[in-house]
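K.L.:
Sharing data-v3.cif below, mmCIF, C-alpha atoms:
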data_protein
loop_
_atom_site.label_atom_id
_atom_site.label_comp_id
_atom_site.auth_asym_id
_atom_site.auth_seq_id
_atom_site.Cartn_x
_atom_site.Cartn_y
_atom_site.Cartn_z
CA MET A 14 72.39 -60.69 67.65
CA GLU A 15 70.67 -57.39 67.54
CA LEU A 16 67.12 -56.98 66.28
CA TYR A 17 68.11 -55.27 63.03
CA SER A 18 70.36 -58.18 62.01
CA ILE A 19 67.64 -60.72 62.76
CA LEU A 20 65.03 -58.81 60.76
CA ARG A 21 67.45 -58.23 57.89
CA GLN A 22 68.29 -61.93 57.71
CA PHE A 23 64.58 -62.84 57.81
CA ALA A 24 63.77 -60.32 55.06
CA ASP A 25 66.59 -61.56 52.85
CA SER A 26 65.51 -65.19 53.05
CA TRP A 27 62.01 -66.18 54.15
CA MET A 28 60.19 -62.95 53.40
CA LEU A 29 61.60 -62.90 49.88
CA LEU A 30 60.36 -66.45 49.37
CA LEU A 31 56.96 -65.62 50.87
CA LEU A 32 56.47 -62.57 48.63
CA PHE A 33 57.55 -64.53 45.55
CA VAL A 34 55.02 -67.28 46.32
CA PHE A 35 52.35 -64.60 46.87
CA PHE A 36 53.18 -63.02 43.49
CA VAL A 37 53.00 -66.37 41.69
CA GLY A 38 49.67 -67.08 43.41
CA ILE A 39 48.23 -63.76 42.21
CA VAL A 40 49.41 -64.44 38.64
CA ILE A 41 47.82 -67.90 38.70
CA TRP A 42 44.58 -66.41 40.11
CA VAL A 43 44.40 -63.80 37.34
CA PHE A 44 45.06 -66.23 34.48
CA ARG A 45 42.96 -69.11 35.81
CA PRO A 46 40.46 -70.75 33.44
CA GLY A 47 37.07 -69.08 33.56
CA ALA A 48 38.37 -65.73 34.78
CA SER A 49 38.02 -64.03 31.40
CA LYS A 50 34.21 -63.89 31.68
CA GLU A 51 34.47 -62.07 35.01
CA TYR A 52 37.04 -59.61 33.66
CA LYS A 53 35.05 -58.92 30.48
CA ASP A 54 31.97 -58.22 32.60
CA THR A 55 33.94 -55.86 34.82
CA ALA A 56 35.48 -54.10 31.81
CA ASN A 57 32.01 -53.36 30.41
CA ILE A 58 30.64 -51.67 33.56
CA PRO A 59 30.97 -48.12 32.13
CA PHE A 60 28.85 -49.12 29.11
CA ARG A 61 25.89 -50.61 31.00
CA HIS A 62 22.42 -49.06 30.85
CA GLN A 63 23.16 -46.56 28.14
CA ASP A 64 20.01 -46.05 26.11
CA LYS A 65 21.09 -42.65 24.85
CA PRO A 66 24.27 -40.57 24.72
CA ALA A 67 25.21 -38.50 27.71
CA GLU A 68 23.65 -35.09 27.87
CA VAL A 69 25.90 -32.14 27.11
CA LYS A 70 25.88 -29.62 29.94
CA GLU A 71 26.30 -25.98 29.10
CA ALA A 72 29.56 -24.42 30.20
CA ARG A 73 29.30 -21.72 32.86
CA LYS A 74 30.64 -18.33 31.96
#
In structure tokens, write the structure found in this file.
P.N.:
Amino acid sequence: MELYSILRQFADSWMLLLLFVFFVGIVIWVFRPGASKEYKDTANIPFRHQDKPAEVKEARK
């Protein structure tokens, strides 16, 4: 068998299975219990330490 055929057969069978298992693992990791606190904290990063509105800079002419 030539190399292309071997790699094609591997990609069609085991690599597909490996990538599917990886995808399922990522989905489980994202929706695991207790993850929502971490994601809410990350989502609020832009709003931290804001005691006053941002200053408006004058436009250059």
K.L.:
Enter the distance from CA of Leu20 (chain A) to CA of Val34 (chain A), in Å, rounded to one decimal.
P.N.:
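We find that CA of Leu20 (chain A) and CA of Val34 (chain A) lie 19.5 Å from each other.
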K.L.:
Could you state the separation of CA of Tyr17 (chain A) and CA of Phe33 (chain A) in Å, given to one decimal place?
P.N.:
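CA of Phe33 (chain A) lies 22.4 Å from CA of Tyr17 (chain A).
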K.L.:
Could you tell me how far CA of Tyr52 (chain A) lies from CA of Leu31 (chain A), in Å and to one decimal?
P.N.:
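Computing it gives 27.0 Å between the two atoms.
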K.L.:
Provide region 32-68 of chain A of the preceding structure as a file containing N, CA, C and O atoms, as an mmCIF file, in the first residue's frame.
P.N.:
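What landed in decode22.cif:
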data_model
loop_
_atom_site.group_PDB
_atom_site.id
_atom_site.type_symbol
_atom_site.label_atom_id
_atom_site.label_comp_id
_atom_site.auth_asym_id
_atom_site.auth_seq_id
_atom_site.Cartn_x
_atom_site.Cartn_y
_atom_site.Cartn_z
ATOM 1 N N LEU A 32 -11.250 12.609 16.899
ATOM 2 C CA LEU A 32 -11.747 13.983 16.883
ATOM 3 C C LEU A 32 -13.160 14.083 17.455
ATOM 4 O O LEU A 32 -13.497 15.072 18.114
ATOM 5 N N PHE A 33 -13.979 13.080 17.241
ATOM 6 C CA PHE A 33 -15.321 13.068 17.829
ATOM 7 C C PHE A 33 -15.241 12.976 19.348
ATOM 8 O O PHE A 33 -15.949 13.700 20.060
ATOM 9 N N VAL A 34 -14.377 12.117 19.868
ATOM 10 C CA VAL A 34 -14.200 11.990 21.318
ATOM 11 C C VAL A 34 -13.657 13.304 21.891
ATOM 12 O O VAL A 34 -14.089 13.750 22.955
ATOM 13 N N PHE A 35 -12.732 13.941 21.191
ATOM 14 C CA PHE A 35 -12.198 15.239 21.621
ATOM 15 C C PHE A 35 -13.307 16.282 21.684
ATOM 16 O O PHE A 35 -13.411 17.044 22.654
ATOM 17 N N PHE A 36 -14.168 16.332 20.673
ATOM 18 C CA PHE A 36 -15.282 17.271 20.636
ATOM 19 C C PHE A 36 -16.237 17.032 21.800
ATOM 20 O O PHE A 36 -16.657 17.982 22.478
ATOM 21 N N VAL A 37 -16.589 15.790 22.053
ATOM 22 C CA VAL A 37 -17.489 15.469 23.161
ATOM 23 C C VAL A 37 -16.844 15.866 24.485
ATOM 24 O O VAL A 37 -17.508 16.392 25.386
ATOM 25 N N GLY A 38 -15.538 15.641 24.628
ATOM 26 C CA GLY A 38 -14.830 16.032 25.838
ATOM 27 C C GLY A 38 -14.869 17.533 26.068
ATOM 28 O O GLY A 38 -15.069 17.996 27.198
ATOM 29 N N ILE A 39 -14.693 18.317 25.012
ATOM 30 C CA ILE A 39 -14.757 19.773 25.125
ATOM 31 C C ILE A 39 -16.161 20.214 25.530
ATOM 32 O O ILE A 39 -16.321 21.090 26.390
ATOM 33 N N VAL A 40 -17.182 19.615 24.949
ATOM 34 C CA VAL A 40 -18.569 19.970 25.296
ATOM 35 C C VAL A 40 -18.839 19.642 26.759
ATOM 36 O O VAL A 40 -19.441 20.448 27.489
ATOM 37 N N ILE A 41 -18.394 18.500 27.226
ATOM 38 C CA ILE A 41 -18.583 18.126 28.633
ATOM 39 C C ILE A 41 -17.830 19.100 29.536
ATOM 40 O O ILE A 41 -18.334 19.512 30.581
ATOM 41 N N TRP A 42 -16.615 19.504 29.151
ATOM 42 C CA TRP A 42 -15.817 20.437 29.948
ATOM 43 C C TRP A 42 -16.519 21.798 30.072
ATOM 44 O O TRP A 42 -16.540 22.397 31.132
ATOM 45 N N VAL A 43 -17.117 22.255 28.976
ATOM 46 C CA VAL A 43 -17.770 23.565 28.994
ATOM 47 C C VAL A 43 -19.027 23.543 29.852
ATOM 48 O O VAL A 43 -19.294 24.483 30.595
ATOM 49 N N PHE A 44 -19.803 22.481 29.786
ATOM 50 C CA PHE A 44 -21.075 22.421 30.501
ATOM 51 C C PHE A 44 -20.990 21.664 31.819
ATOM 52 O O PHE A 44 -22.016 21.255 32.358
ATOM 53 N N ARG A 45 -19.787 21.524 32.367
ATOM 54 C CA ARG A 45 -19.642 20.817 33.639
ATOM 55 C C ARG A 45 -20.233 21.649 34.768
ATOM 56 O O ARG A 45 -20.308 22.870 34.683
ATOM 57 N N PRO A 46 -20.652 20.998 35.858
ATOM 58 C CA PRO A 46 -21.173 21.754 37.002
ATOM 59 C C PRO A 46 -20.081 22.641 37.594
ATOM 60 O O PRO A 46 -18.936 22.247 37.711
ATOM 61 N N GLY A 47 -20.436 23.832 37.959
ATOM 62 C CA GLY A 47 -19.494 24.762 38.558
ATOM 63 C C GLY A 47 -18.761 25.633 37.569
ATOM 64 O O GLY A 47 -18.005 26.516 37.958
ATOM 65 N N ALA A 48 -18.946 25.412 36.285
ATOM 66 C CA ALA A 48 -18.232 26.195 35.281
ATOM 67 C C ALA A 48 -18.882 27.556 35.058
ATOM 68 O O ALA A 48 -18.219 28.484 34.608
ATOM 69 N N SER A 49 -20.156 27.690 35.400
ATOM 70 C CA SER A 49 -20.849 28.944 35.120
ATOM 71 C C SER A 49 -20.256 30.107 35.911
ATOM 72 O O SER A 49 -20.203 31.237 35.413
ATOM 73 N N LYS A 50 -19.779 29.860 37.124
ATOM 74 C CA LYS A 50 -19.155 30.931 37.913
ATOM 75 C C LYS A 50 -17.904 31.454 37.197
ATOM 76 O O LYS A 50 -17.687 32.654 37.110
ATOM 77 N N GLU A 51 -17.103 30.553 36.695
ATOM 78 C CA GLU A 51 -15.884 30.949 35.981
ATOM 79 C C GLU A 51 -16.221 31.750 34.725
ATOM 80 O O GLU A 51 -15.585 32.759 34.435
ATOM 81 N N TYR A 52 -17.231 31.318 33.987
ATOM 82 C CA TYR A 52 -17.590 31.997 32.746
ATOM 83 C C TYR A 52 -18.239 33.352 33.020
ATOM 84 O O TYR A 52 -18.035 34.307 32.278
ATOM 85 N N LYS A 53 -19.031 33.457 34.093
ATOM 86 C CA LYS A 53 -19.615 34.756 34.436
ATOM 87 C C LYS A 53 -18.522 35.731 34.838
ATOM 88 O O LYS A 53 -18.564 36.911 34.475
ATOM 89 N N ASP A 54 -17.533 35.259 35.585
ATOM 90 C CA ASP A 54 -16.417 36.111 35.980
ATOM 91 C C ASP A 54 -15.642 36.579 34.753
ATOM 92 O O ASP A 54 -15.276 37.752 34.638
ATOM 93 N N THR A 55 -15.393 35.704 33.833
ATOM 94 C CA THR A 55 -14.677 36.059 32.609
ATOM 95 C C THR A 55 -15.493 37.039 31.754
ATOM 96 O O THR A 55 -14.931 37.967 31.169
ATOM 97 N N ALA A 56 -16.791 36.853 31.708
ATOM 98 C CA ALA A 56 -17.643 37.730 30.907
ATOM 99 C C ALA A 56 -17.676 39.146 31.459
ATOM 100 O O ALA A 56 -17.909 40.101 30.707
ATOM 101 N N ASN A 57 -17.430 39.312 32.756
ATOM 102 C CA ASN A 57 -17.492 40.635 33.373
ATOM 103 C C ASN A 57 -16.148 41.360 33.413
ATOM 104 O O ASN A 57 -16.055 42.431 34.000
ATOM 105 N N ILE A 58 -15.120 40.823 32.805
ATOM 106 C CA ILE A 58 -13.799 41.468 32.805
ATOM 107 C C ILE A 58 -13.852 42.895 32.248
ATOM 108 O O ILE A 58 -13.255 43.795 32.842
ATOM 109 N N PRO A 59 -14.554 43.167 31.161
ATOM 110 C CA PRO A 59 -14.554 44.547 30.640
ATOM 111 C C PRO A 59 -15.182 45.558 31.601
ATOM 112 O O PRO A 59 -14.947 46.752 31.480
ATOM 113 N N PHE A 60 -15.972 45.114 32.555
ATOM 114 C CA PHE A 60 -16.694 46.023 33.437
ATOM 115 C C PHE A 60 -16.018 46.195 34.800
ATOM 116 O O PHE A 60 -16.560 46.859 35.667
ATOM 117 N N ARG A 61 -14.868 45.607 34.999
ATOM 118 C CA ARG A 61 -14.168 45.721 36.279
ATOM 119 C C ARG A 61 -13.527 47.095 36.416
ATOM 120 O O ARG A 61 -13.086 47.695 35.447
ATOM 121 N N HIS A 62 -13.455 47.564 37.635
ATOM 122 C CA HIS A 62 -12.721 48.772 38.011
ATOM 123 C C HIS A 62 -13.193 49.998 37.244
ATOM 124 O O HIS A 62 -12.386 50.823 36.838
ATOM 125 N N GLN A 63 -14.471 50.125 37.084
ATOM 126 C CA GLN A 63 -14.985 51.312 36.409
ATOM 127 C C GLN A 63 -15.688 52.188 37.440
ATOM 128 O O GLN A 63 -16.838 51.956 37.795
ATOM 129 N N ASP A 64 -14.979 53.191 37.935
ATOM 130 C CA ASP A 64 -15.563 54.111 38.892
ATOM 131 C C ASP A 64 -16.258 55.267 38.188
ATOM 132 O O ASP A 64 -17.085 55.956 38.770
ATOM 133 N N LYS A 65 -15.888 55.528 36.959
ATOM 134 C CA LYS A 65 -16.467 56.623 36.209
ATOM 135 C C LYS A 65 -16.512 56.234 34.733
ATOM 136 O O LYS A 65 -15.800 55.328 34.308
ATOM 137 N N PRO A 66 -17.324 56.910 33.953
ATOM 138 C CA PRO A 66 -17.370 56.604 32.511
ATOM 139 C C PRO A 66 -16.037 56.922 31.838
ATOM 140 O O PRO A 66 -15.248 57.713 32.348
ATOM 141 N N ALA A 67 -15.834 56.334 30.726
ATOM 142 C CA ALA A 67 -14.606 56.581 29.971
ATOM 143 C C ALA A 67 -14.571 58.023 29.502
ATOM 144 O O ALA A 67 -15.599 58.617 29.173
ATOM 145 N N GLU A 68 -13.379 58.573 29.490
ATOM 146 C CA GLU A 68 -13.231 59.955 29.049
ATOM 147 C C GLU A 68 -13.388 60.037 27.533
ATOM 148 O O GLU A 68 -12.919 59.177 26.801
#
